[in-house]
Each structure stands twice: as structure tokens, then as C-alpha cells.
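Colleague: File follows, protein_35.pdb with PDB, C-alpha atoms, pLDDT in the B column:
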ATOM      1  CA  MET A   1       9.919  -5.137  16.749  1.00 61.00           C
ATOM      2  CA  MET A   2      10.590  -8.531  15.199  1.00 68.00           C
ATOM      3  CA  GLN A   3      12.846 -11.034  16.929  1.00 79.00           C
ATOM      4  CA  ASP A   4      15.795 -12.704  15.171  1.00 80.00           C
ATOM      5  CA  ASN A   5      13.930 -16.010  14.858  1.00 88.00           C
ATOM      6  CA  GLU A   6      10.981 -14.224  13.227  1.00 91.00           C
ATOM      7  CA  LEU A   7      13.325 -12.587  10.727  1.00 92.00           C
ATOM      8  CA  ASP A   8      14.870 -15.974   9.976  1.00 92.00           C
ATOM      9  CA  THR A   9      11.388 -17.412   9.372  1.00 94.00           C
ATOM     10  CA  LEU A  10      10.492 -14.532   7.065  1.00 94.00           C
ATOM     11  CA  LEU A  11      13.733 -14.963   5.105  1.00 93.00           C
ATOM     12  CA  LEU A  12      13.070 -18.697   4.725  1.00 94.00           C
ATOM     13  CA  GLU A  13       9.537 -18.034   3.454  1.00 94.00           C
ATOM     14  CA  LEU A  14      10.908 -15.637   0.850  1.00 94.00           C
ATOM     15  CA  LYS A  15      13.583 -18.109  -0.275  1.00 93.00           C
ATOM     16  CA  GLU A  16      11.075 -20.957  -0.547  1.00 93.00           C
ATOM     17  CA  LYS A  17       8.444 -18.767  -2.262  1.00 92.00           C
ATOM     18  CA  ARG A  18       5.981 -19.358   0.608  1.00 93.00           C
ATOM     19  CA  TYR A  19       5.665 -15.736   1.709  1.00 94.00           C
ATOM     20  CA  GLN A  20       2.155 -14.237   1.519  1.00 93.00           C
ATOM     21  CA  ALA A  21       1.447 -10.505   1.894  1.00 92.00           C
ATOM     22  CA  GLN A  22      -1.339  -9.590   4.321  1.00 92.00           C
ATOM     23  CA  PRO A  23      -4.097  -6.987   3.764  1.00 91.00           C
ATOM     24  CA  VAL A  24      -3.254  -3.505   5.022  1.00 90.00           C
ATOM     25  CA  LYS A  25      -5.277  -1.933   7.840  1.00 90.00           C
ATOM     26  CA  ARG A  26      -7.494   0.914   6.644  1.00 85.00           C
ATOM     27  CA  VAL A  27      -7.066   4.136   8.637  1.00 85.00           C
ATOM     28  CA  GLU A  28      -8.677   7.529   7.963  1.00 82.00           C
ATOM     29  CA  ILE A  29      -7.016  10.835   8.834  1.00 84.00           C
ATOM     30  CA  ASP A  30      -8.443  14.325   8.529  1.00 81.00           C
ATOM     31  CA  LYS A  31      -7.384  16.558   5.623  1.00 74.00           C
ATOM     32  CA  ASP A  32      -7.065  20.332   5.757  1.00 74.00           C
ATOM     33  CA  ASP A  33     -10.011  20.719   3.365  1.00 69.00           C
ATOM     34  CA  GLY A  34     -12.320  18.784   5.697  1.00 71.00           C
ATOM     35  CA  GLY A  35     -12.124  15.511   3.761  1.00 70.00           C
ATOM     36  CA  LYS A  36     -10.599  12.209   4.760  1.00 73.00           C
ATOM     37  CA  ARG A  37      -7.332  10.715   3.587  1.00 76.00           C
ATOM     38  CA  LEU A  38      -7.326   6.920   3.441  1.00 77.00           C
ATOM     39  CA  LEU A  39      -4.125   5.254   4.620  1.00 82.00           C
ATOM     40  CA  GLY A  40      -3.136   1.605   4.613  1.00 86.00           C
ATOM     41  CA  ILE A  41      -0.953   0.346   7.459  1.00 91.00           C
ATOM     42  CA  PRO A  42       0.950  -2.861   6.575  1.00 92.00           C
ATOM     43  CA  THR A  43       2.001  -5.531   9.046  1.00 93.00           C
ATOM     44  CA  VAL A  44       5.566  -5.389  10.381  1.00 94.00           C
ATOM     45  CA  ARG A  45       6.531  -8.403   8.240  1.00 95.00           C
ATOM     46  CA  ASP A  46       5.154  -6.817   5.069  1.00 95.00           C
ATOM     47  CA  ARG A  47       6.805  -3.479   5.852  1.00 95.00           C
ATOM     48  CA  ILE A  48      10.191  -5.181   6.107  1.00 95.00           C
ATOM     49  CA  VAL A  49       9.710  -6.885   2.733  1.00 96.00           C
ATOM     50  CA  GLN A  50       8.532  -3.609   1.175  1.00 95.00           C
ATOM     51  CA  GLN A  51      11.629  -1.818   2.451  1.00 95.00           C
ATOM     52  CA  CYS A  52      13.823  -4.552   0.981  1.00 95.00           C
ATOM     53  CA  LEU A  53      12.094  -4.071  -2.373  1.00 96.00           C
ATOM     54  CA  THR A  54      12.668  -0.326  -2.105  1.00 94.00           C
ATOM     55  CA  ASN A  55      16.359  -0.861  -1.387  1.00 94.00           C
ATOM     56  CA  ILE A  56      16.655  -3.054  -4.492  1.00 95.00           C
ATOM     57  CA  MET A  57      14.590  -0.887  -6.852  1.00 95.00           C
ATOM     58  CA  THR A  58      15.725   2.622  -5.882  1.00 94.00           C
ATOM     59  CA  PRO A  59      19.242   2.383  -7.416  1.00 94.00           C
ATOM     60  CA  ILE A  60      17.653   1.000 -10.606  1.00 95.00           C
ATOM     61  CA  PHE A  61      14.924   3.610 -11.107  1.00 94.00           C
ATOM     62  CA  ASP A  62      16.099   6.742  -9.275  1.00 94.00           C
ATOM     63  CA  PRO A  63      18.783   7.765 -11.829  1.00 94.00           C
ATOM     64  CA  HIS A  64      16.075   7.975 -14.485  1.00 93.00           C
ATOM     65  CA  PHE A  65      13.820  10.396 -12.566  1.00 93.00           C
ATOM     66  CA  HIS A  66      13.572  14.031 -13.619  1.00 93.00           C
ATOM     67  CA  PRO A  67      16.284  16.218 -12.043  1.00 92.00           C
ATOM     68  CA  SER A  68      13.585  18.566 -10.703  1.00 90.00           C
ATOM     69  CA  SER A  69      11.739  15.711  -8.961  1.00 92.00           C
ATOM     70  CA  TYR A  70      12.123  15.840  -5.172  1.00 91.00           C
ATOM     71  CA  GLY A  71       9.224  13.849  -3.721  1.00 87.00           C
ATOM     72  CA  TYR A  72       9.921  10.526  -1.963  1.00 86.00           C
ATOM     73  CA  ARG A  73      13.538  10.408  -3.144  1.00 90.00           C
ATOM     74  CA  VAL A  74      16.560   9.538  -1.026  1.00 88.00           C
ATOM     75  CA  GLY A  75      18.722  12.571  -0.232  1.00 90.00           C
ATOM     76  CA  ARG A  76      16.133  15.047  -1.525  1.00 92.00           C
ATOM     77  CA  SER A  77      13.747  17.265   0.419  1.00 91.00           C
ATOM     78  CA  CYS A  78      11.061  19.918   0.076  1.00 88.00           C
ATOM     79  CA  HIS A  79      13.655  22.542   1.041  1.00 92.00           C
ATOM     80  CA  GLN A  80      15.680  21.618  -2.036  1.00 93.00           C
ATOM     81  CA  ALA A  81      12.511  21.895  -4.139  1.00 90.00           C
ATOM     82  CA  ILE A  82      11.963  25.413  -2.798  1.00 89.00           C
ATOM     83  CA  SER A  83      15.555  26.294  -3.606  1.00 91.00           C
ATOM     84  CA  LYS A  84      15.104  24.990  -7.162  1.00 90.00           C
ATOM     85  CA  ALA A  85      11.911  27.045  -7.561  1.00 88.00           C
ATOM     86  CA  THR A  86      13.778  30.117  -6.297  1.00 90.00           C
ATOM     87  CA  LEU A  87      16.534  29.461  -8.840  1.00 90.00           C
ATOM     88  CA  PHE A  88      14.013  29.302 -11.688  1.00 89.00           C
ATOM     89  CA  ILE A  89      12.399  32.535 -10.503  1.00 89.00           C
ATOM     90  CA  ARG A  90      15.731  34.371 -10.519  1.00 90.00           C
ATOM     91  CA  LYS A  91      17.184  32.783 -13.659  1.00 91.00           C
ATOM     92  CA  TYR A  92      14.109  32.878 -15.904  1.00 90.00           C
ATOM     93  CA  GLY A  93      12.188  35.766 -14.393  1.00 87.00           C
ATOM     94  CA  LYS A  94       9.294  33.614 -13.318  1.00 83.00           C
ATOM     95  CA  ARG A  95       6.873  35.153 -10.840  1.00 81.00           C
ATOM     96  CA  HIS A  96       4.483  32.351  -9.902  1.00 80.00           C
ATOM     97  CA  VAL A  97       4.781  28.954  -8.221  1.00 79.00           C
ATOM     98  CA  VAL A  98       1.816  26.639  -8.776  1.00 81.00           C
ATOM     99  CA  ASP A  99       0.816  24.209  -6.019  1.00 80.00           C
ATOM    100  CA  MET A 100      -1.175  21.283  -7.450  1.00 78.00           C
ATOM    101  CA  ASP A 101      -2.420  17.973  -6.084  1.00 74.00           C
ATOM    102  CA  LEU A 102      -3.809  15.035  -8.064  1.00 70.00           C
ATOM    103  CA  SER A 103      -7.015  13.905  -6.354  1.00 65.00           C
ATOM    104  CA  LYS A 104      -6.824  10.260  -5.193  1.00 65.00           C
ATOM    105  CA  CYS A 105      -3.739   9.760  -7.355  1.00 67.00           C
ATOM    106  CA  PHE A 106      -2.515   6.579  -5.670  1.00 69.00           C
ATOM    107  CA  ASP A 107      -6.052   5.137  -5.587  1.00 66.00           C
ATOM    108  CA  MET A 108      -6.353   5.400  -9.372  1.00 67.00           C
ATOM    109  CA  LEU A 109      -2.998   4.077 -10.571  1.00 72.00           C
ATOM    110  CA  ASP A 110      -3.198   1.236 -13.060  1.00 74.00           C
ATOM    111  CA  HIS A 111      -1.462  -1.739 -11.445  1.00 79.00           C
ATOM    112  CA  ASP A 112      -1.071  -3.613 -14.727  1.00 78.00           C
ATOM    113  CA  LEU A 113       0.615  -0.589 -16.286  1.00 81.00           C
ATOM    114  CA  ILE A 114       2.968  -0.254 -13.307  1.00 87.00           C
ATOM    115  CA  ILE A 115       4.017  -3.903 -13.585  1.00 89.00           C
ATOM    116  CA  LYS A 116       4.532  -3.466 -17.325  1.00 88.00           C
ATOM    117  CA  CYS A 117       6.822  -0.464 -16.745  1.00 90.00           C
ATOM    118  CA  VAL A 118       8.751  -2.204 -13.962  1.00 94.00           C
ATOM    119  CA  ARG A 119       9.390  -5.180 -16.266  1.00 93.00           C
ATOM    120  CA  LYS A 120      11.299  -2.874 -18.609  1.00 93.00           C
ATOM    121  CA  ARG A 121      14.069  -2.576 -16.004  1.00 95.00           C
ATOM    122  CA  ILE A 122      13.585  -5.603 -13.743  1.00 95.00           C
ATOM    123  CA  ALA A 123      13.378  -9.135 -15.122  1.00 93.00           C
ATOM    124  CA  ASP A 124      13.578 -11.024 -11.813  1.00 94.00           C
ATOM    125  CA  GLY A 125      10.310 -12.947 -11.494  1.00 93.00           C
ATOM    126  CA  SER A 126      10.541 -13.079  -7.696  1.00 94.00           C
ATOM    127  CA  ILE A 127      10.625  -9.273  -7.452  1.00 95.00           C
ATOM    128  CA  LEU A 128       7.743  -8.879  -9.897  1.00 94.00           C
ATOM    129  CA  LYS A 129       5.678 -11.465  -8.043  1.00 94.00           C
ATOM    130  CA  LEU A 130       6.176  -9.674  -4.709  1.00 95.00           C
ATOM    131  CA  ILE A 131       5.111  -6.330  -6.196  1.00 94.00           C
ATOM    132  CA  ASP A 132       2.023  -7.914  -7.742  1.00 90.00           C
ATOM    133  CA  MET A 133       1.254  -9.651  -4.453  1.00 91.00           C
ATOM    134  CA  PHE A 134       1.217  -6.340  -2.567  1.00 91.00           C
ATOM    135  CA  PHE A 135      -1.077  -4.834  -5.204  1.00 87.00           C
ATOM    136  CA  LYS A 136      -3.554  -7.669  -4.681  1.00 85.00           C
ATOM    137  CA  SER A 137      -3.294  -8.159  -0.913  1.00 87.00           C
ATOM    138  CA  GLY A 138      -6.342  -5.980  -0.297  1.00 84.00           C
ATOM    139  CA  VAL A 139      -7.524  -3.843   2.594  1.00 86.00           C
ATOM    140  CA  MET A 140      -9.093  -4.691   5.947  1.00 85.00           C
ATOM    141  CA  ALA A 141     -11.791  -2.111   6.717  1.00 79.00           C
ATOM    142  CA  GLY A 142     -12.819  -3.188  10.196  1.00 79.00           C
ATOM    143  CA  SER A 143     -13.449  -6.921   9.855  1.00 79.00           C
ATOM    144  CA  ASN A 144     -14.221  -6.702   6.141  1.00 78.00           C
ATOM    145  CA  TRP A 145     -11.726  -7.480   3.381  1.00 80.00           C
ATOM    146  CA  GLN A 146     -11.866  -5.233   0.319  1.00 74.00           C
ATOM    147  CA  GLU A 147     -10.133  -5.142  -3.025  1.00 70.00           C
ATOM    148  CA  SER A 148      -7.229  -2.679  -2.925  1.00 66.00           C
ATOM    149  CA  ALA A 149      -8.515  -0.824  -5.996  1.00 55.00           C
ATOM    150  CA  LEU A 150      -9.673  -1.337  -9.516  1.00 47.00           C
ATOM    151  CA  ASN A 151      -6.683  -1.237 -11.856  1.00 48.00           C
ATOM    152  CA  GLY A 152      -6.866   2.206 -13.346  1.00 47.00           C
ATOM    153  CA  GLY A 153     -10.533   2.618 -12.442  1.00 53.00           C
ATOM    154  CA  VAL A 154     -12.974   3.059  -9.595  1.00 62.00           C
ATOM    155  CA  ASN A 155     -13.161   0.749  -6.578  1.00 71.00           C
ATOM    156  CA  LEU A 156     -16.392  -0.231  -4.859  1.00 79.00           C
ATOM    157  CA  ALA A 157     -15.918   2.307  -2.066  1.00 75.00           C
ATOM    158  CA  THR A 158     -15.911   5.091  -4.673  1.00 74.00           C
ATOM    159  CA  VAL A 159     -19.048   3.655  -6.297  1.00 81.00           C
ATOM    160  CA  LEU A 160     -20.817   3.711  -2.918  1.00 84.00           C
ATOM    161  CA  GLN A 161     -19.604   7.236  -2.230  1.00 79.00           C
ATOM    162  CA  ARG A 162     -21.283   8.381  -5.434  1.00 80.00           C
ATOM    163  CA  LEU A 163     -24.363   6.171  -5.098  1.00 85.00           C
ATOM    164  CA  ASN A 164     -25.417   6.862  -1.513  1.00 86.00           C
ATOM    165  CA  PRO A 165     -26.352  10.563  -1.992  1.00 87.00           C
ATOM    166  CA  VAL A 166     -28.483   9.603  -5.010  1.00 87.00           C
ATOM    167  CA  LEU A 167     -30.288   6.895  -3.049  1.00 87.00           C
ATOM    168  CA  ARG A 168     -30.899   9.215  -0.100  1.00 86.00           C
ATOM    169  CA  GLY A 169     -32.259  11.910  -2.403  1.00 87.00           C
ATOM    170  CA  PHE A 170     -34.521   9.466  -4.237  1.00 85.00           C
ATOM    171  CA  THR A 171     -35.884   7.950  -1.015  1.00 85.00           C
ATOM    172  CA  ASN A 172     -36.496  11.314   0.661  1.00 84.00           C
ATOM    173  CA  TYR A 173     -38.231  12.700  -2.407  1.00 83.00           C
ATOM    174  CA  PHE A 174     -40.635   9.761  -2.802  1.00 81.00           C
ATOM    175  CA  LYS A 175     -41.056   8.738   0.852  1.00 78.00           C
ATOM    176  CA  ILE A 176     -44.409  10.511   1.057  1.00 79.00           C
ATOM    177  CA  ALA A 177     -45.766   7.894  -1.365  1.00 78.00           C
ATOM    178  CA  ASN A 178     -46.478   4.276  -0.422  1.00 80.00           C
ATOM    179  CA  ILE A 179     -43.610   2.711  -2.358  1.00 83.00           C
ATOM    180  CA  SER A 180     -42.100   0.319   0.205  1.00 85.00           C
ATOM    181  CA  THR A 181     -42.539  -2.649  -2.134  1.00 87.00           C
ATOM    182  CA  ILE A 182     -40.882  -0.779  -4.993  1.00 87.00           C
ATOM    183  CA  LEU A 183     -37.992   0.251  -2.713  1.00 87.00           C
ATOM    184  CA  LYS A 184     -37.429  -3.370  -1.656  1.00 89.00           C
ATOM    185  CA  ARG A 185     -37.259  -4.479  -5.292  1.00 90.00           C
ATOM    186  CA  LEU A 186     -34.932  -1.580  -6.056  1.00 90.00           C
ATOM    187  CA  ALA A 187     -32.665  -2.495  -3.124  1.00 90.00           C
ATOM    188  CA  THR A 188     -32.481  -6.086  -4.375  1.00 93.00           C
ATOM    189  CA  TRP A 189     -31.488  -4.905  -7.854  1.00 93.00           C
ATOM    190  CA  ILE A 190     -28.882  -2.467  -6.485  1.00 92.00           C
ATOM    191  CA  ARG A 191     -27.248  -5.197  -4.396  1.00 93.00           C
ATOM    192  CA  ARG A 192     -27.083  -7.424  -7.447  1.00 94.00           C
ATOM    193  CA  ARG A 193     -25.608  -4.589  -9.500  1.00 92.00           C
ATOM    194  CA  LEU A 194     -22.943  -3.971  -6.839  1.00 92.00           C
ATOM    195  CA  ARG A 195     -22.159  -7.688  -6.701  1.00 93.00           C
ATOM    196  CA  SER A 196     -21.623  -7.520 -10.456  1.00 91.00           C
ATOM    197  CA  VAL A 197     -19.269  -4.552 -10.003  1.00 89.00           C
ATOM    198  CA  GLN A 198     -17.240  -6.383  -7.351  1.00 90.00           C
ATOM    199  CA  LEU A 199     -17.066  -9.568  -9.426  1.00 91.00           C
ATOM    200  CA  ASN A 200     -15.691  -7.552 -12.336  1.00 86.00           C
ATOM    201  CA  LEU A 201     -13.142  -5.976  -9.990  1.00 85.00           C
ATOM    202  CA  TRP A 202     -11.991  -9.417  -8.879  1.00 86.00           C
ATOM    203  CA  LYS A 203     -11.730 -10.479 -12.556  1.00 84.00           C
ATOM    204  CA  LYS A 204     -10.636 -14.038 -11.725  1.00 87.00           C
ATOM    205  CA  ALA A 205     -12.711 -16.736 -10.053  1.00 91.00           C
ATOM    206  CA  THR A 206      -9.756 -17.517  -7.780  1.00 90.00           C
ATOM    207  CA  LYS A 207     -10.300 -14.183  -5.990  1.00 89.00           C
ATOM    208  CA  LEU A 208     -13.961 -15.041  -5.447  1.00 93.00           C
ATOM    209  CA  HIS A 209     -12.853 -18.403  -4.073  1.00 93.00           C
ATOM    210  CA  ARG A 210     -10.389 -16.694  -1.724  1.00 90.00           C
ATOM    211  CA  ARG A 211     -13.195 -14.497  -0.400  1.00 91.00           C
ATOM    212  CA  LEU A 212     -15.357 -17.588   0.206  1.00 93.00           C
ATOM    213  CA  LYS A 213     -12.522 -19.278   2.099  1.00 91.00           C
ATOM    214  CA  GLN A 214     -12.142 -16.169   4.274  1.00 88.00           C
ATOM    215  CA  LEU A 215     -15.825 -16.559   5.145  1.00 90.00           C
ATOM    216  CA  LYS A 216     -15.129 -20.206   6.148  1.00 89.00           C
ATOM    217  CA  TYR A 217     -16.849 -21.831   3.181  1.00 92.00           C
ATOM    218  CA  GLU A 218     -15.257 -25.124   2.197  1.00 90.00           C
ATOM    219  CA  PRO A 219     -13.971 -25.749  -1.370  1.00 90.00           C
ATOM    220  CA  PRO A 220     -14.223 -26.980  -4.047  1.00 91.00           C
ATOM    221  CA  PHE A 221     -15.984 -24.037  -5.683  1.00 92.00           C
ATOM    222  CA  LYS A 222     -17.373 -23.747  -9.180  1.00 92.00           C
ATOM    223  CA  PHE A 223     -15.416 -21.577 -11.630  1.00 92.00           C
ATOM    224  CA  ILE A 224     -17.779 -18.946 -13.009  1.00 91.00           C
ATOM    225  CA  ASP A 225     -17.392 -16.078 -15.463  1.00 91.00           C
ATOM    226  CA  LEU A 226     -17.117 -12.984 -13.242  1.00 90.00           C
ATOM    227  CA  SER A 227     -17.946 -10.650 -16.133  1.00 86.00           C
ATOM    228  CA  SER A 228     -21.355 -12.283 -16.644  1.00 89.00           C
ATOM    229  CA  TRP A 229     -24.382 -10.347 -15.396  1.00 90.00           C
ATOM    230  CA  ARG A 230     -26.189 -13.655 -14.916  1.00 92.00           C
ATOM    231  CA  ASN A 231     -23.578 -14.844 -12.435  1.00 92.00           C
ATOM    232  CA  SER A 232     -24.069 -11.758 -10.245  1.00 93.00           C
ATOM    233  CA  ALA A 233     -27.214 -13.584  -9.054  1.00 93.00           C
ATOM    234  CA  SER A 234     -25.410 -16.888  -8.517  1.00 94.00           C
ATOM    235  CA  PRO A 235     -25.271 -18.531  -5.063  1.00 94.00           C
ATOM    236  CA  LEU A 236     -21.482 -18.053  -4.935  1.00 94.00           C
ATOM    237  CA  ALA A 237     -21.860 -14.290  -5.396  1.00 94.00           C
ATOM    238  CA  SER A 238     -24.500 -14.152  -2.654  1.00 94.00           C
ATOM    239  CA  TYR A 239     -22.375 -16.248  -0.291  1.00 94.00           C
ATOM    240  CA  ALA A 240     -19.329 -14.018  -0.882  1.00 93.00           C
ATOM    241  CA  MET A 241     -21.358 -10.802  -0.608  1.00 93.00           C
ATOM    242  CA  PRO A 242     -24.393 -11.419   1.638  1.00 93.00           C
ATOM    243  CA  ASN A 243     -26.902  -8.655   2.306  1.00 91.00           C
ATOM    244  CA  CYS A 244     -25.291  -7.846   5.675  1.00 89.00           C
ATOM    245  CA  TRP A 245     -21.986  -7.202   3.868  1.00 88.00           C
ATOM    246  CA  PHE A 246     -23.485  -4.161   2.154  1.00 88.00           C
ATOM    247  CA  ASP A 247     -24.336  -2.677   5.560  1.00 85.00           C
ATOM    248  CA  GLU A 248     -20.724  -3.207   6.630  1.00 82.00           C
ATOM    249  CA  ILE A 249     -19.279  -1.392   3.617  1.00 80.00           C
ATOM    250  CA  GLY A 250     -21.630   1.575   4.037  1.00 81.00           C
ATOM    251  CA  LEU A 251     -24.495   1.117   1.558  1.00 80.00           C
TER     252      LEU A 251
END
Written as C-alpha cells, how would this file's structure read?

Modeller:
Amino acid sequence: MMQDNELDTLLLELKEKRYQAQPVKRVEIDKDDGGKRLLGIPTVRDRIVQQCLTNIMTPIFDPHFHPSSYGYRVGRSCHQAISKATLFIRKYGKRHVVDMDLSKCFDMLDHDLIIKCVRKRIADGSILKLIDMFFKSGVMAGSNWQESALNGGVNLATVLQRLNPVLRGFTNYFKIANISTILKRLATWIRRRLRSVQLNLWKKATKLHRRLKQLKYEPPFKFIDLSSWRNSASPLASYAMPNCWFDEIGL
């Protein structure tokens, strides 16, 4: 629970454009199918600001939602959705209700596209900046900061999820041979390739610089092209993503 003086401080930061969103805390919960659902828990300050944004945006966007949409809408519930489905069954003679779920839907949403759509109804730059700030605030997985997600694509965690079984299979298959030197060279190349992936996810050198500051490196930092394969072997990339970092993120 925030005290009145803390709320006053938060309000002042918002008015003076000094407010900064914090990374969400990564939490895993079990799913019915045996998998894990990744949740992000915001700080109390950020949750208050997010609720204020919701209060502002809901009256603007909610009237334009489909009349048969019931998820995450004020005054609507799953019971009403069931009643609507029952109505369709009786009125149109339908006999089946299909239950579908989009896998990792919220992990794959294109942030740039969302901002573009929001701009069609909201022109206030302060609101747009806050939304963009939450998109880019990132995730704290343990003590490690990670990009929230690749806009419309695959984040590094997903890359590792796909890569690790391949690496385990390759190593187990060839472990009978004396290939330790080859495996070391391969590991070096893979780390460089993953650094290249993360640099492309960051897109802007300012995000690389922010990561370096979090690791207590002192600016100024050189501005490099994050899309360049050559720069994935640069000292800045190695400082931001040292070898021990790959152990922390599960490689």
C-alpha cells in the first residue's frame, strides 16, 4: 500500500515527465497441460499508473469492441459469454461451441503495430509515451534484465527454448568422439550468434548503453550498428552479454 506522500511524489513525476517504468518481475505458474505460463508482476507504482491508463483508454476503445466480446471488459463476464453462446445455439440451431487459445498470444504482439492503432484514437503524446515505456521496460528474471519481447517476433528466451534441445542432441550424439576442441569453437560461435540476436532485438544503441549502465559500466559508450554481424564480436557486446550471462538465461 502506498502512502499519501508516495502518491504525491508519483503524481509530480508524471506531471514533470520524470516518471520511469520499472521492469516487471518474471513469475512462472503451472498450466493444466503441464507447461508453464510466464507472468510479469509490476511494481505498485507502475500498477497504479497502468490502472490510470486503463481508466482513460477504456471509455475510448470499449465502445468499438465487438458486441460478442466478453474478455477483460468492464461489466462483462464469462457467464454472459455462455449465455450468448446458448442464445446462438437456440436461435441459429448451432450444436457446437469451439474452445480455442492462441499460443503465447501476448508474447507475440507487435508493439509498433499496437502504438500505431492507439494513435488513431489517442493523440496525447504523454499517454503514448507511457504505453511505449511499459512496452520497453523489460523483465527481471532473477537478477537478469531481459527485453520484454521482440516486436511481433521471437524473443531470446524462445530462441533458447528451441536451441537447447538441438545442442543437447548434437552433444550426446557426438560425445563418444574426441571433439572437445570443436565443441569449444562451436560454443564461442553460438554465443556470438545469440549476442547478434539480442543486439537486433534492442535495435537502438541506447538500449545497449542502458544495459551497460545496469552492469555498472561508466559512459560514454560508442554508438554502434546493432544490426551488424561484425559488431556482435565487439567489446561492448561482450561487456553487455558476458559468457556467464548465457548460463544465467539458461543456455

Colleague: In Å, rounded to a single decimal, give me how far atom CA of A:Glu248 is from atom CA of A:Lys36.

Modeller: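 So the answer is 18.5 Å.
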
Colleague: Quick one: of A:His96, A:Tyr173, A:Gly142, A:His79, who's nearest to A:Glu28, counting all atoms listed in the file?

Modeller: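 That would be A:Gly142, the residue with the smallest distance to A:Glu28.
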
Colleague: Would you mind telling me which residue in A:His209, A:Lys184, A:Lys203, A:Arg18 lies nearest to A:Lys222 when using only C-alpha atoms?

Modeller: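 Distance minimum relative to A:Lys222 lands on A:His209.
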
Colleague: What does the distance between atom CA of A:Met100 and atom CA of A:Ile29 come to in Å, to one decimal place?

Modeller: 20.2 Å

Colleague: I need the residue nearest A:Arg193 from this list: A:Ile176, A:Leu212, A:Leu156, A:Leu38. Use all atoms listed in the file for the distance.

Modeller: A:Leu156

Colleague: Once the PyMOL selection byres ((chain A and resi 245) around 12) has been applied to the shown file, what residues remain in the selection, as JSON, numbers by chain?

Modeller: {"A": [141, 142, 143, 144, 145, 146, 191, 194, 195, 215, 237, 238, 239, 240, 241, 242, 243, 244, 246, 247, 248, 249, 250, 251]}

Colleague: Rounded to one decimal place, report the atom CA of A:Phe223-atom CA of A:Arg211 distance in Å.

Modeller: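 Pair atom CA of A:Phe223 / atom CA of A:Arg211 returns 13.5 Å.
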
Colleague: Tell me which of A:Asp225, A:Glu6, A:Lys31, A:Ile122 sits closest to A:Pro59, counting all atoms listed in the file.

Modeller: A:Ile122

Colleague: With the file shown as input, list the residues that the PyMOL selection byres ((chain A and resi 221) around 10) selects, as number ranges by chain.

Modeller: A: 205-206, 208-209, 212-213, 217-220, 222-224, 236

Colleague: With C-alpha atoms kept, could you save the residues just selected as an mmCIF file, keeping the file's coordinate frame?

Modeller:
data_model
loop_
_atom_site.group_PDB
_atom_site.id
_atom_site.type_symbol
_atom_site.label_atom_id
_atom_site.label_comp_id
_atom_site.auth_asym_id
_atom_site.auth_seq_id
_atom_site.Cartn_x
_atom_site.Cartn_y
_atom_site.Cartn_z
ATOM 1 C CA ALA A 205 -12.711 -16.736 -10.053
ATOM 2 C CA THR A 206 -9.756 -17.517 -7.780
ATOM 3 C CA LEU A 208 -13.961 -15.041 -5.447
ATOM 4 C CA HIS A 209 -12.853 -18.403 -4.073
ATOM 5 C CA LEU A 212 -15.357 -17.588 0.206
ATOM 6 C CA LYS A 213 -12.522 -19.278 2.099
ATOM 7 C CA TYR A 217 -16.849 -21.831 3.181
ATOM 8 C CA GLU A 218 -15.257 -25.124 2.197
ATOM 9 C CA PRO A 219 -13.971 -25.749 -1.370
ATOM 10 C CA PRO A 220 -14.223 -26.980 -4.047
ATOM 11 C CA LYS A 222 -17.373 -23.747 -9.180
ATOM 12 C CA PHE A 223 -15.416 -21.577 -11.630
ATOM 13 C CA ILE A 224 -17.779 -18.946 -13.009
ATOM 14 C CA LEU A 236 -21.482 -18.053 -4.935
#

Colleague: Contacts of stretch 67-77 of chain A at 12 Å or less, counting only C-alpha atoms, minus same-chain residues fewer than 4 places along, as a list of chain:residue names?

Modeller: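 With the cut-off at 12 Å, the set is A:Thr54, A:Asn55, A:Met57, A:Thr58, A:Pro59, A:Phe61, A:Asp62, A:Pro63, A:Ala81, A:Ile82, A:Ser83, A:Lys84, A:Ala85, A:Leu87, A:Phe88.
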
Colleague: With all atoms listed in the file as the basis for distance, which of A:Gln3, A:Ser227, A:Gln80, A:Gln214 is at the shortest distance from A:Leu201?

Modeller: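 Smallest separation from A:Leu201 among the options: A:Ser227.
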
Colleague: Taking only C-alpha atoms into account, name the residue in A:Cys78, A:Phe174, A:Val197, A:Asp112 that is nearest to A:Ala157.

Modeller: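 That would be A:Val197, the residue with the smallest distance to A:Ala157.
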
Colleague: Identify, on the basis of only C-alpha atoms, every residue whose closest approach to A:Val139 does not exceed 12 Å; exclude the query and any residue fewer than 5 positions from it along the same chain; express the result as a list of chain:residue names.

Modeller: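 Listed by chain and then number, they are A:Ala21, A:Gln22, A:Pro23, A:Val24, A:Lys25, A:Arg26, A:Val27, A:Leu38, A:Leu39, A:Gly40, A:Ile41, A:Pro42, A:Thr43, A:Phe134, A:Asn144, A:Trp145, A:Gln146, A:Glu147, A:Ser148, A:Ala149, A:Asn155, A:Ala157.
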
Colleague: Pick out the residues sitting within 10 Å of A:Leu183, and hand them over as a compact mmCIF listing (two decimals) with C-alpha atoms, in the frame of the given file; count all atoms listed in the file, and ignore anything fewer than 5 positions along from it in its own chain.

Modeller:
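Done, and the output landed in out_28.txt:
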# COMPACT_ATOMS: atom_id res chain seq x y z
CA PHE A 170 -34.52 9.47 -4.24
CA THR A 171 -35.88 7.95 -1.01
CA PHE A 174 -40.64 9.76 -2.80
CA LYS A 175 -41.06 8.74 0.85
CA ASN A 178 -46.48 4.28 -0.42
CA THR A 188 -32.48 -6.09 -4.38
CA TRP A 189 -31.49 -4.90 -7.85
